[in-house]
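Shown next: target.tsv, given as TSV, C-alpha atoms.
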chain	number	residue	atom	x	y	z
A	115	MET	CA	147.04	66.69	8.79
A	116	SER	CA	145.69	64.37	11.45
A	117	VAL	CA	144.66	60.83	10.52
A	118	VAL	CA	140.93	60.50	9.93
A	119	GLY	CA	139.43	57.00	10.13
A	120	PRO	CA	136.37	55.15	11.48
A	121	ASN	CA	134.80	56.69	14.60
A	122	PHE	CA	136.65	59.97	14.10
A	123	ILE	CA	135.10	63.18	15.38
A	124	ALA	CA	136.80	66.56	15.55
A	125	ARG	CA	138.17	67.19	19.04
A	126	PRO	CA	137.43	69.91	19.98
A	127	TYR	CA	134.58	70.71	17.65
A	128	ARG	CA	135.67	74.34	17.47
A	129	GLY	CA	138.06	73.07	14.80
A	130	VAL	CA	135.07	72.66	12.46
A	131	SER	CA	133.95	75.65	10.39
A	132	VAL	CA	130.71	75.71	8.37
A	133	GLN	CA	130.98	77.77	5.17
A	134	ASP	CA	128.80	78.28	2.12
A	135	THR	CA	130.35	77.64	-1.28
A	136	GLY	CA	129.36	77.53	-4.93
A	137	ALA	CA	130.31	73.94	-5.81
A	138	LEU	CA	131.18	70.73	-3.96
A	139	ASP	CA	133.28	68.76	-6.45
A	140	GLU	CA	136.92	68.30	-5.45
A	141	PRO	CA	138.52	70.64	-8.06
A	142	ALA	CA	136.11	73.42	-7.12
A	143	LEU	CA	136.72	72.91	-3.40
A	144	ARG	CA	140.48	73.01	-3.87
A	145	ALA	CA	140.30	76.13	-6.02
A	146	TRP	CA	138.05	77.81	-3.44
A	147	LEU	CA	140.09	76.92	-0.38
A	148	ILE	CA	143.77	77.04	-1.37
A	149	GLY	CA	145.03	80.41	-0.17
A	150	ARG	CA	141.75	81.22	1.62
A	151	PRO	CA	142.38	82.71	5.10
A	152	VAL	CA	140.89	80.67	7.94
A	153	TYR	CA	140.98	80.90	11.71
A	154	ARG	CA	144.16	79.29	13.00
A	155	ARG	CA	142.24	76.63	14.96
A	156	THR	CA	140.22	75.53	11.92
A	157	GLU	CA	141.12	72.04	10.74
A	158	PHE	CA	137.90	70.99	9.01
A	159	ILE	CA	135.37	72.78	6.86
A	160	VAL	CA	131.81	71.65	6.27
A	161	ALA	CA	131.20	73.15	2.84
A	162	VAL	CA	127.51	73.82	2.14
A	163	ARG	CA	125.73	74.36	-1.15
A	164	ASP	CA	121.94	74.49	-0.92
A	165	CYS	CA	121.03	71.29	0.98
A	166	GLU	CA	124.24	69.40	0.18
A	167	ARG	CA	127.47	69.19	2.13
A	168	ALA	CA	131.06	68.08	1.75
A	169	VAL	CA	133.60	67.64	4.56
A	170	VAL	CA	137.10	68.95	3.90
A	171	GLN	CA	140.29	68.80	5.93
A	172	VAL	CA	142.61	71.78	5.57
A	173	ALA	CA	146.24	72.45	6.47
A	174	HIS	CA	147.81	75.82	7.12
A	175	ASP	CA	150.91	77.19	8.82
A	176	VAL	CA	149.95	78.32	12.28
A	177	GLY	CA	151.99	81.23	13.57
A	178	ASP	CA	151.16	84.19	15.72
A	179	ALA	CA	148.50	85.48	13.35
A	180	ILE	CA	144.84	84.85	14.15
A	181	VAL	CA	144.16	83.68	10.58
A	182	ALA	CA	146.32	81.77	8.13
A	183	PRO	CA	145.97	80.92	4.41
A	184	VAL	CA	145.08	77.32	3.54
A	185	ARG	CA	148.01	75.57	1.85
A	186	ASP	CA	146.60	72.07	1.39
A	187	VAL	CA	143.18	70.41	1.16
A	188	ARG	CA	141.90	66.86	1.59
A	189	VAL	CA	138.29	66.11	0.71
A	190	LEU	CA	137.11	63.60	3.32
A	191	ALA	CA	133.62	63.12	1.92
A	192	GLY	CA	131.66	64.49	-1.00
A	193	PRO	CA	127.92	65.21	-0.95
A	194	ASP	CA	127.05	61.64	-1.99
A	195	GLU	CA	128.71	60.34	1.22
A	196	VAL	CA	127.42	62.91	3.71
A	197	ALA	CA	124.20	62.92	5.74
A	198	PHE	CA	123.04	65.90	7.79
A	199	VAL	CA	121.22	65.47	11.11
A	200	VAL	CA	119.76	68.23	13.28
A	201	ASP	CA	119.18	67.26	16.91
A	202	PRO	CA	119.36	69.91	19.65
A	203	ASP	CA	119.78	67.20	22.30
A	204	VAL	CA	123.12	65.94	20.93
A	205	ASP	CA	126.39	67.06	22.52
A	206	THR	CA	128.56	67.27	19.40
A	207	GLY	CA	131.70	66.87	21.50
A	208	ASN	CA	130.61	63.39	22.61
A	209	ALA	CA	131.44	60.52	20.25
A	210	SER	CA	128.76	58.15	21.57
A	211	GLN	CA	126.01	60.73	21.13
A	212	MET	CA	127.37	61.54	17.67
A	213	ALA	CA	127.31	57.85	16.71
A	214	ARG	CA	123.70	57.47	17.85
A	215	ALA	CA	122.71	60.51	15.80
A	216	ALA	CA	124.60	59.15	12.79
A	217	ALA	CA	122.62	55.91	12.91
A	218	ARG	CA	119.69	57.96	11.61
A	219	GLY	CA	121.70	59.33	8.70
A	220	GLY	CA	122.97	56.05	7.26
A	221	ALA	CA	125.93	57.64	5.44
A	222	ARG	CA	129.69	57.12	5.64
A	223	VAL	CA	130.05	60.58	7.17
A	224	THR	CA	127.36	62.34	9.20
A	225	VAL	CA	127.38	66.04	9.97
A	226	VAL	CA	125.41	66.80	13.14
A	227	GLN	CA	124.04	70.16	14.21
A	228	GLY	CA	123.43	69.61	17.89
A	229	ARG	CA	123.11	71.41	21.18
A	230	TYR	CA	123.59	75.18	20.97
A	231	GLU	CA	123.65	74.65	17.16
A	232	HIS	CA	127.26	73.47	17.42
A	233	VAL	CA	128.37	71.39	14.42
A	234	ASN	CA	130.66	68.36	14.22
A	235	PHE	CA	130.92	65.26	12.07
A	236	ILE	CA	131.61	61.56	12.57
A	237	VAL	CA	133.24	59.18	10.11
A	238	GLU	CA	132.06	55.57	9.68
A	239	PRO	CA	130.67	55.17	13.21
A	240	ASP	CA	131.26	51.71	14.67
A	241	PRO	CA	130.66	51.92	18.44
A	242	VAL	CA	132.65	49.71	20.79
A	243	ARG	CA	130.25	47.32	22.49
A	244	VAL	CA	130.53	47.03	26.27
A	245	ARG	CA	128.48	44.47	28.18
A	246	VAL	CA	127.08	45.63	31.53
A	247	VAL	CA	126.11	42.72	33.81
A	248	GLU	CA	123.95	43.77	36.75
A	249	VAL	CA	121.19	42.44	39.02
A	250	VAL	CA	117.57	43.50	38.77
A	251	PRO	CA	115.45	44.83	40.39
A	252	PRO	CA	115.67	47.80	40.55
A	253	GLU	CA	115.04	48.58	36.90
A	254	PRO	CA	116.93	50.16	35.33
A	255	PRO	CA	119.78	49.09	37.63
A	256	LYS	CA	122.19	51.65	39.04
A	257	LEU	CA	125.39	50.39	37.37
A	258	LEU	CA	123.77	50.58	33.94
A	259	GLU	CA	122.52	54.11	34.61
A	260	MET	CA	125.96	55.17	35.85
A	261	ALA	CA	127.64	53.69	32.76
A	262	ARG	CA	125.15	55.53	30.55
A	263	ALA	CA	125.92	58.78	32.37
A	264	VAL	CA	129.67	58.33	31.90
A	265	VAL	CA	129.33	57.46	28.22
A	266	ASP	CA	127.20	60.57	27.69
A	267	TYR	CA	129.58	63.03	29.39
A	268	ASP	CA	133.15	61.74	28.93
A	269	GLU	CA	134.32	63.38	25.70
A	270	ASP	CA	137.55	61.34	25.58
A	271	LEU	CA	135.81	58.00	25.05
A	272	PRO	CA	135.32	56.48	21.60
A	273	PRO	CA	131.73	55.78	20.55
A	274	VAL	CA	130.32	53.22	23.00
A	275	ALA	CA	127.19	51.06	22.85
A	276	LEU	CA	126.16	49.46	26.14
A	277	ASP	CA	124.66	45.95	26.04
A	278	PHE	CA	122.76	45.19	29.23
A	279	GLU	CA	122.76	41.62	30.56
A	280	PRO	CA	120.43	41.34	33.59
A	281	ILE	CA	120.65	38.87	36.45
A	282	ASP	CA	117.06	38.71	37.69
A	283	LEU	CA	116.81	37.99	41.42
A	284	ARG	CA	113.10	37.20	41.20
A	285	GLY	CA	112.40	33.52	40.97
A	286	MET	CA	115.93	32.42	41.90
A	287	ALA	CA	114.60	30.48	44.89
A	288	ASP	CA	111.29	29.05	46.09
A	289	GLY	CA	109.73	29.12	49.53
A	290	ARG	CA	111.04	31.44	52.23
A	291	VAL	CA	113.70	33.70	50.70
A	292	MET	CA	116.16	36.20	52.16
A	293	TYR	CA	117.75	38.93	50.04
A	294	PRO	CA	120.72	41.11	51.03
A	295	CYS	CA	118.73	44.34	51.22
A	296	ARG	CA	115.29	45.80	50.66
A	297	CYS	CA	114.52	46.67	47.07
A	298	SER	CA	111.40	47.57	45.15
A	299	GLY	CA	110.12	44.50	43.37
A	300	LEU	CA	111.40	41.96	45.90
A	301	ALA	CA	109.33	40.22	48.57
A	302	GLY	CA	110.87	38.24	51.40
A	303	GLU	CA	113.25	38.66	54.32
A	304	PHE	CA	116.10	41.15	54.11
A	305	LEU	CA	119.51	40.54	55.62
A	306	ASP	CA	120.20	44.22	56.29
A	307	ALA	CA	116.98	44.42	58.33
A	308	GLY	CA	118.48	41.82	60.71
A	309	PRO	CA	115.55	39.52	61.57
A	310	PRO	CA	116.12	38.65	65.26
A	311	GLU	CA	116.18	34.87	64.86
A	312	LEU	CA	117.72	32.50	62.35
A	313	GLY	CA	115.09	31.38	59.89
A	314	ASP	CA	114.66	28.45	57.56
A	315	TRP	CA	115.26	30.58	54.47
A	316	THR	CA	117.25	30.40	51.27
A	317	LEU	CA	119.72	33.25	51.03
A	318	VAL	CA	119.80	34.75	47.55
A	319	GLY	CA	123.10	36.51	48.02
A	320	CYS	CA	126.79	36.66	47.21
A	321	GLU	CA	129.81	35.65	49.29
A	322	ARG	CA	129.73	38.91	51.25
A	323	SER	CA	126.07	38.28	52.14
A	324	ARG	CA	127.00	34.80	53.33
A	325	GLN	CA	129.72	36.27	55.55
A	326	ILE	CA	127.28	38.78	57.06
A	327	HIS	CA	124.72	36.01	57.62
A	328	VAL	CA	127.27	33.93	59.54
A	329	ALA	CA	128.33	36.97	61.58
A	330	LEU	CA	124.71	37.78	62.51
A	331	TYR	CA	123.40	34.29	63.20
A	332	GLY	CA	126.48	32.20	63.89
A	333	ALA	CA	125.42	29.76	61.17
A	334	GLU	CA	125.38	29.25	57.44
A	335	PRO	CA	122.04	29.80	55.68
A	336	ARG	CA	120.01	26.64	55.08
A	337	ALA	CA	120.60	27.12	51.38
A	338	ARG	CA	122.14	29.84	49.21
A	339	VAL	CA	121.86	30.94	45.60
A	340	ASP	CA	124.87	33.01	44.56
A	341	PHE	CA	123.96	35.85	42.17
A	342	CYS	CA	127.43	37.47	42.12
A	343	PRO	CA	127.89	39.05	38.67
A	344	VAL	CA	131.59	38.17	38.71
A	345	ALA	CA	130.88	34.50	39.42
A	346	ARG	CA	128.07	34.32	36.84
A	347	THR	CA	129.79	36.17	34.00
A	348	ALA	CA	131.73	34.18	31.43
A	349	PRO	CA	134.38	36.01	29.34
A	350	ASN	CA	132.73	37.51	26.28
A	351	GLY	CA	134.39	40.77	25.25
A	352	ALA	CA	134.55	44.07	27.09
A	353	THR	CA	132.45	43.75	30.25
A	354	LEU	CA	131.61	45.90	33.27
A	355	VAL	CA	130.44	44.25	36.52
A	356	LYS	CA	130.31	45.03	40.22
A	357	CYS	CA	131.23	42.94	43.25
A	358	CYS	CA	130.63	43.31	47.00
A	359	LEU	CA	134.09	41.93	47.80
A	360	ARG	CA	135.63	45.09	46.35
A	361	GLU	CA	135.10	47.88	48.82
A	362	ARG	CA	136.87	50.66	46.86
A	363	GLY	CA	138.76	51.03	43.60
A	364	ILE	CA	138.57	49.06	40.39
A	365	GLU	CA	140.08	45.77	39.25
A	366	ARG	CA	140.75	44.30	35.82
A	367	ALA	CA	140.44	40.61	34.93
A	368	GLY	CA	141.11	40.20	31.21
A	369	ASP	CA	138.42	42.10	29.33
A	370	THR	CA	136.30	42.50	32.48
A	371	MET	CA	136.40	45.50	34.79
A	372	VAL	CA	135.10	45.07	38.34
A	373	VAL	CA	133.86	48.01	40.40
A	374	PRO	CA	132.59	48.01	44.00
A	375	TRP	CA	128.89	47.35	44.68
A	376	GLY	CA	128.57	50.93	45.89
A	377	ALA	CA	130.75	52.35	43.13
A	378	THR	CA	131.11	56.08	42.64
A	379	LEU	CA	130.58	57.66	39.24
A	380	GLU	CA	134.33	58.30	39.04
A	381	GLU	CA	135.07	54.61	39.68
A	382	VAL	CA	132.72	53.63	36.85
A	383	ARG	CA	134.35	56.25	34.64
A	384	ALA	CA	137.84	54.97	35.50
A	385	ALA	CA	136.74	51.40	34.74
A	386	LEU	CA	135.33	52.31	31.33
A	387	ARG	CA	138.41	54.35	30.44
A	388	GLU	CA	140.67	51.46	31.43
A	389	LEU	CA	138.53	49.00	29.49
A	390	LEU	CA	138.59	51.18	26.36
A	391	GLY	CA	142.27	52.10	26.53
A	392	VAL	CA	141.74	55.78	27.29
A	393	GLY	CA	144.34	57.49	29.45
A	394	PRO	CA	143.55	58.64	33.00
Just give me the structure of the file as structure tokens.
Amino acid sequence: MSVVGPNFIARPYRGVSVQDTGALDEPALRAWLIGRPVYRRTEFIVAVRDCERAVVQVAHDVGDAIVAPVRDVRVLAGPDEVAFVVDPDVDTGNASQMARAAARGGARVTVVQGRYEHVNFIVEPDPVRVRVVEVVPPEPPKLLEMARAVVDYDEDLPPVALDFEPIDLRGMADGRVMYPCRCSGLAGEFLDAGPPELGDWTLVGCERSRQIHVALYGAEPRARVDFCPVARTAPNGATLVKCCLRERGIERAGDTMVVPWGATLEEVRAALRELLGVGP
């Protein structure tokens, strides 16, 4: 039998079978299941009696037959430890979505009936917290939205909770201000628009913006406020940031993963998988 501990979900969820039974105490479950034929891919049974549930792990000898008799049983959770959540928006193959659903149940083990009425369970959910440091506006920022998308579709990841830490560009400088590019919520000059003459502005921009400014105007900006997430982010656990000095690919610095400013979804996915110790 596979090891079942905190954050465990059945992968794939087709290994979970939902079956009605007459009693949910351990002796009754063992008597009911030992020798009972089950589909050869079944590893877990959610046993149901009225509105109560128990979660049971089963072992059987898998051969060429489509079904095999159960030879051993381990009760993972009795009805006093199991909550049941119905949410048709939950992908029951995704650990992060399962953990969010389980937060409503408040039990050691939560059985979730989700999208397409597929059923899975999660044991003692304790999501890994990942800090996403990103500039605003726009709001929500793109890197955060991309990380959310990855967490919600990558079924290999453990449960993940994203903690957003914004770097707000508004109010970073007074007077005449230049930003790297036009963005809703910002008022000022924009470097990518290429004003024809050098102005007496403060550049709110990173090292790459400074380099572009020098290339365009042959001079350093009068003043500069560096908002680079890499430069502004102190080590504090698993962290995802982006940097203009990376043009493609990802880079690791301790517990921080750096992706390009114009990162693709696959680069963000690769960074999160690397950060969380999930294979390529």
field: 8 Å contact set for Val223 of chain A, only C-alpha atoms, chain neighbours under 3 positions out, as a ChimeraX atom specification
entry: /A:191,195-197,216,235-238
Only C-alpha atoms, please: the residues just picked out, written as a short mmCIF file (atom, residue, chain, number, x, y, z; two decimals), keeping the file's coordinate frame.
data_model
loop_
_atom_site.label_atom_id
_atom_site.label_comp_id
_atom_site.auth_asym_id
_atom_site.auth_seq_id
_atom_site.Cartn_x
_atom_site.Cartn_y
_atom_site.Cartn_z
CA ALA A 191 133.62 63.12 1.92
CA GLU A 195 128.71 60.34 1.22
CA VAL A 196 127.42 62.91 3.71
CA ALA A 197 124.20 62.92 5.74
CA ALA A 216 124.60 59.15 12.79
CA PHE A 235 130.92 65.26 12.07
CA ILE A 236 131.61 61.56 12.57
CA VAL A 237 133.24 59.18 10.11
CA GLU A 238 132.06 55.57 9.68
#
- request: One decimal, Å: what's the distance from atom CA of Pro349 of chain A over to atom CA of Cys320 of chain A, could you say?
  value: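 Result for atom CA of Pro349 of chain A versus atom CA of Cys320 of chain A: 19.4 Å, one decimal.
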Atomic separation - atom CA of Phe341 of chain A relative to atom CA of Asp282 of chain A, Å: 8.7 Å
task: Might you pull out every residue within 6 Å of segment 244-251 of chain A, with only C-alpha atoms counted and same-chain residues fewer than 6 positions away left off, and present them as number ranges by chain?
output: A: 276-282, 352-355
message: At a cut-off of 12 Å, using all atoms listed in the file, what residues contact segment 315-318 of chain A? Leave out same-chain residues fewer than 5 positions from it and give the result as a ChimeraX atom specification.
response: /A:249,281-295,300-305,309,323-328,334-342
Pick from A:Asp139, A:Asp186, A:Glu365, A:Asp201, whichever lies nearest to Leu389 of chain A using only C-alpha atoms: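 Ranking A:Asp139, A:Asp186, A:Glu365, A:Asp201 by distance to Leu389 of chain A, first place goes to A:Glu365.
What separates atom CA of Pro374 of chain A from atom CA of Arg387 of chain A is a distance of 16.1 Å.
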Of the listed residues A:Arg383, A:Arg128, A:Arg163, A:Lys356, that which approaches Met260 of chain A most closely, counting all atoms listed in the file: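 Of the candidates, the smallest distance to Met260 of chain A is held by A:Arg383.
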message: Measuring between all atoms listed in the file, which one of A:Thr156, A:Thr347, A:Thr206, A:Thr135 shows the shortest distance to Val225 of chain A?
response: A:Thr206
Got a sec to check which residues sit within 8 Å of (128.6, 44.9, 48.3), counting only C-alpha atoms, and write them as a JSON list (two decimals) with C-alpha atoms, in the frame of the given file?
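Written file, point03.json:
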[["chain", "number", "residue", "atom", "x", "y", "z"],
["A", 322, "ARG", "CA", 129.73, 38.91, 51.25],
["A", 357, "CYS", "CA", 131.23, 42.94, 43.25],
["A", 358, "CYS", "CA", 130.63, 43.31, 47.00],
["A", 359, "LEU", "CA", 134.09, 41.93, 47.80],
["A", 360, "ARG", "CA", 135.63, 45.09, 46.35],
["A", 361, "GLU", "CA", 135.10, 47.88, 48.82],
["A", 374, "PRO", "CA", 132.59, 48.01, 44.00],
["A", 375, "TRP", "CA", 128.89, 47.35, 44.68],
["A", 376, "GLY", "CA", 128.57, 50.93, 45.89]]
message: Tell me which residues come within 12 Å of (119.7, 64.7, 11.2), as a PyMOL selection string, counting all atoms listed in the file in the file's coordinates.
response: chain A and resi 196-204+212-221+223-228+233-235
From the structure just shown, export segment 211-247 of chain A with C-alpha atoms as a CSV table (one decimal), in the first residue's frame.
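New file result17.csv:
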chain,number,residue,atom,x,y,z
A,211,GLN,CA,-8.2,23.1,-5.4
A,212,MET,CA,-8.8,20.1,-3.2
A,213,ALA,CA,-7.1,21.9,-0.3
A,214,ARG,CA,-9.2,25.0,-0.8
A,215,ALA,CA,-12.3,22.9,-0.8
A,216,ALA,CA,-11.2,21.1,2.4
A,217,ALA,CA,-10.8,24.4,4.2
A,218,ARG,CA,-14.6,24.5,4.3
A,219,GLY,CA,-14.9,21.0,5.8
A,220,GLY,CA,-12.6,21.5,8.8
A,221,ALA,CA,-11.9,17.7,9.2
A,222,ARG,CA,-8.7,15.6,9.1
A,223,VAL,CA,-9.8,14.1,5.8
A,224,THR,CA,-12.2,15.7,3.3
A,225,VAL,CA,-14.0,13.9,0.6
A,226,VAL,CA,-14.8,16.2,-2.4
A,227,GLN,CA,-17.4,15.6,-5.1
A,228,GLY,CA,-16.2,18.0,-7.7
A,229,ARG,CA,-16.4,18.7,-11.4
A,230,TYR,CA,-18.2,16.0,-13.5
A,231,GLU,CA,-19.2,14.6,-10.0
A,232,HIS,CA,-15.7,13.0,-9.8
A,233,VAL,CA,-14.7,12.1,-6.2
A,234,ASN,CA,-11.4,12.3,-4.4
A,235,PHE,CA,-10.2,13.0,-0.9
A,236,ILE,CA,-7.4,15.0,0.7
A,237,VAL,CA,-5.6,14.2,4.0
A,238,GLU,CA,-4.6,16.9,6.5
A,239,PRO,CA,-4.2,19.7,3.9
A,240,ASP,CA,-1.3,22.0,4.7
A,241,PRO,CA,-0.6,24.0,1.5
A,242,VAL,CA,2.9,25.1,0.8
A,243,ARG,CA,3.1,28.9,0.9
A,244,VAL,CA,4.7,30.6,-2.1
A,245,ARG,CA,5.3,34.4,-2.0
A,246,VAL,CA,4.7,36.2,-5.4
A,247,VAL,CA,6.4,39.6,-5.5
